[in-house]
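Comments concern the structure below.
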Amino acid sequence: MSVDNVTTAATTPEHPQPYRDLGLRDDEYQRIRDILSRRPTSSELAMYSVMWSEHCSYKSSKVHLRQFGDKKPHTDAMLVGIGENAGVVDIGQGWAVTFKVESHNHPSYVEPYQGAATGVGGIVRDIMSMGARPVAVMDPLRFGPLDAADTRRVLPGVIAGVGGYGNCLGLPNIGGEVVFDPSYAGNPLVNALCVGTMKHEDIHLAKASGIGNRVILYGATTGGDGIGGVSVLASETFDADGPAKRPSVQVGDPFMEKLLIECTLEVLHAGLVEGIQDLGGAGISCATSELASNGTGGMHVWLDRVPLRDPSLSPEEILMSESQERMCAIVPPENVEQFMAICRKWDVIATDIGVVTDTGRLIIEWKGETIVDVPPRTVAHDGPVYQRPYHRPAWQDALQADAPTADRLPRPTTAAELRALVLRMAGAPNLASKAWVTDQYDRYVMGNTVLAQPEDSGMVRVDEETGLGVAVATDCNGRVAKLDPYTGARFALAEAYRNVAVTGAKPLAVTNCLNFGSPEDPEVMWQFAEAVRGLADGCLELGTPVTGGNVSFYNQTGTVAILPTPVVGVLGVIDDVDRRTPMAWGEDGDLIYLLGDTRDEFAGSEWAHEVHGHLGGMPPAVDLAKERVLGEILIAGSRDGMFNAAHDVSDGGVMQALVEMALRSNVGARIWVPDDVDPFVFMYAESTARAIVVVPRDEETRFAGMCAMRGFTASRIGVVDSRLDIDAIEASTEEASNGAVPAQLLQLDNVHGETLRWTLDELRAAHTATLPAVLNA
Amino acid sequence: MARVIVDVSLKPEILDPQGRAVQGALGRLGLAGVTSVRQGKQFVIDIDGVVDEAKLHELAGNLLSNPVIENYTLRIEQA
């Protein structure tokens, strides 16, 4: 049977086409006919449908995302902005860094292992197509309740997939998040972030310039993986139809990807290529149309040259295939031989499939017939743009009025209740140790990781001689975003910014992965619009531009959307990683200070969620000017050696932060509750712009002066003390040989007139037991 | 006594990196002309008494294989 070619299409205008099944609307289909002045061929229809899908065209989000450009703060650090595969940031000493986070939510629900694995693979290719060497990955993950049956199916598969792919590639996984909430039960969020480094001169862009340059497809062969996956996955939600309707799953091959990384960096450094692009969603359709429209404007492709894994594939399927581990390069003819030689050296298949032209048309041939003849811009960039209607949900006021005040949500009032609460919170799924997850990842491969989970940020050394390094953190509290999406996005930004600053790194740039429900639901669209506005305003205030990101819509089960989840990633730079501030405190006698002010703020808090399953009220106030000052103090203190340790105060408040610091160091401490604050509020409120710092005694004066000069509250709340176990210490002095070892204690004084004590062993048992108890069962 | 044999293999359209690695090794070790290798796994299950074939199919399709990316075949050999 012959293929549908351009000549046939021109003479058979009435030929019915299944555009609706491909996710195109009537008016979108008509627009394609108007652009082409004829009906599209089936191959053209395949290309338009996949490139005009929500996933590829950002048709619902574009009008809002413009704010990231419009409100961009002035900075000299930006070398490449939004719109490329990933933004590039100058970190000094001739080095540049690129980083980006993307979602792979839907594929990971269908097939957790492969979905998560190919998510990592995709973002790694994005980074290397900028000319950077990938140096670290991170994964912000969100699942349904820990004890839900489907979580036990999805979570282990996702973790194994992230770990398996990243470990095989030899990339350290330096952080991320694991969050549990019922709203993610039928729709887990699997976001993947990658960081890459390069010298300034190695930056590469995705464009096809230079008439006569060859178009070379290299990497894995093309199979039927995820055909239509992008289009179908991003425009339909899951229902209970079972496996039959599920799209073909993509399978990743990390060993192929490793070859692709080395091969790509070698051809780039040899200066052989004009432009380069990875093949992700929409495969060849996307790569050819984007390269062509970013470059000289024309391209001629012989599609039957594409090496196939499955010879029965039709041209439409080849255009849409999402087979992994493929790249496309634009190579001047005189370099082709050398390019091919490098590919052979790395055992990578490379095929010359086309040529750059000046026709302004993307022409694709299949066995002598022209099956595609389109202006590439109309496919890649001039897709439909929607002003989706949006409005504030009617329930928003009631939600915000449902405040978690003391009279409405019972609080622990006695010392005994508070003692028990600390153990419960230490083991609450969202606060408990994530070692079960992160131990499956290789965090130290390559030898440049200086901080990894459970530290506040992941930090890697970039220059082995000078010690220049970067720190990255991702954060989002979806509950806060539901209470108020504008504040929620700023809340996430503030937390990620703080997590970077707390390690001593200076925040430079922002990436984001905006996970929301259906954009066709005006209430979800409002959440999205508000979150984007909040993030754009916040980035302007903090002086950290958005360098890129990703939008994932249709995250919902039935008509119930997930919590709005704008995940924010912040990247910072540190001149010398030896100066980093860790979270573990060290020496006896060091002073423990709380920076910032604690208010009675429990809306969206972990306590309200864990103990009462409550979500309501106005979220904690976000004051970015204050966050900025806090950041300055944290960075200056780190640089000047004023801190032996520091830790961000966020989920689970001051108490959880202290527990984490004590467990990380395995040294006890004595803390006293300030007189002017209720012990419970002091322990578990989640006010923003706070951090705990540990100051050596001889730095106290200088530190206090620095805070006073900036008008920032610094309260001394405790002291590091390894000798609180009086009984054991006395026993060992009385009878030196009895071998009693003092237990390490966390002691909290001034709690309703009493002193609370926990051994670190009991805190550790509570903190580490939760995930294994469920996931190893 | 019945012996039930379940063969599980990746669906034909799914990439099989392990099979590809074996294919490469076969060529390097001197076997010419190998155009494709697909690998899988086999379960050999011995059962006493009555064999519940419907139950076996259910478990083969959900536990022994991953229905999203794998096919299985099941045969019963009477011993």
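Identifiers for the structure tokens are assigned positionally: chains receive A, B, ... in sequence, residues are indexed from 1 per chain, and ligands are indexed from 1 in the order shown.
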request  = From chain B, collect each residue whose DSSP state is strand (DSSP E) and return the set as a list in words.
outcome  = Ala2, Arg3, Val4, Ile5, Val6, Asp7, Val8, Ser9, Leu10, Gly40, Lys41, Gln42, Phe43, Val44, Ile45, Asp46, Ile47, Glu70, Asn71, Tyr72, Thr73, Leu74, Arg75, Ile76, Glu77 and Gln78 of chain B
With 7 Å as the limit and counting only C-alpha atoms, what residues in chain A lie close to chain B? Please list them as a PDB file with C-alpha atoms, in the first residue's frame.
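The resulting file, out-v3.pdb, is shown below:
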```
ATOM      1  CA  GLU A 111       5.210   1.598  34.094  1.00  0.00           C
ATOM      2  CA  GLY A 223      11.290   1.357  17.288  1.00  0.00           C
ATOM      3  CA  GLY A 224       7.643   1.604  18.191  1.00  0.00           C
ATOM      4  CA  ASP A 225       8.295   3.089  21.616  1.00  0.00           C
ATOM      5  CA  PRO A 243      -3.919  -2.164  30.040  1.00  0.00           C
ATOM      6  CA  VAL A 249       5.971   2.111  26.911  1.00  0.00           C
ATOM      7  CA  VAL A 251      12.350   1.397  27.518  1.00  0.00           C
ATOM      8  CA  ASP A 253      19.124   1.796  27.886  1.00  0.00           C
TER       9      ASP A 253
END
```
task = Using DSSP on the backbone coordinates, identify all residues within chain B classified as helix (DSSP H, G or I); present the result as a list in words.
result = Pro17, Gln18, Gly19, Arg20, Ala21, Val22, Gln23, Gly24, Ala25, Leu26, Gly27, Arg28, Glu53, Ala54, Lys55, Leu56, His57, Glu58, Leu59, Ala60, Gly61, Asn62, Leu63 and Leu64 of chain B
inquiry  = What's around stretch 5-10 of chain B at 10 Å? Count only C-alpha atoms, leave out sequence neighbours fewer than 2 positions away in its own chain, and write the answer as a PyMOL selection string.
reply    = chain B and resi 2-3+12-16+38-46+56-57+60-61+64-77
inquiry  = Show me, as number ranges by chain, the residues that have an atom within 7 Å of stretch 139-152 of chain A when counting only C-alpha atoms, minus same-chain residues fewer than 2 positions from it.
reply    = A: 137, 154-156, 175-185, 188-193, 429, 474, 774-775
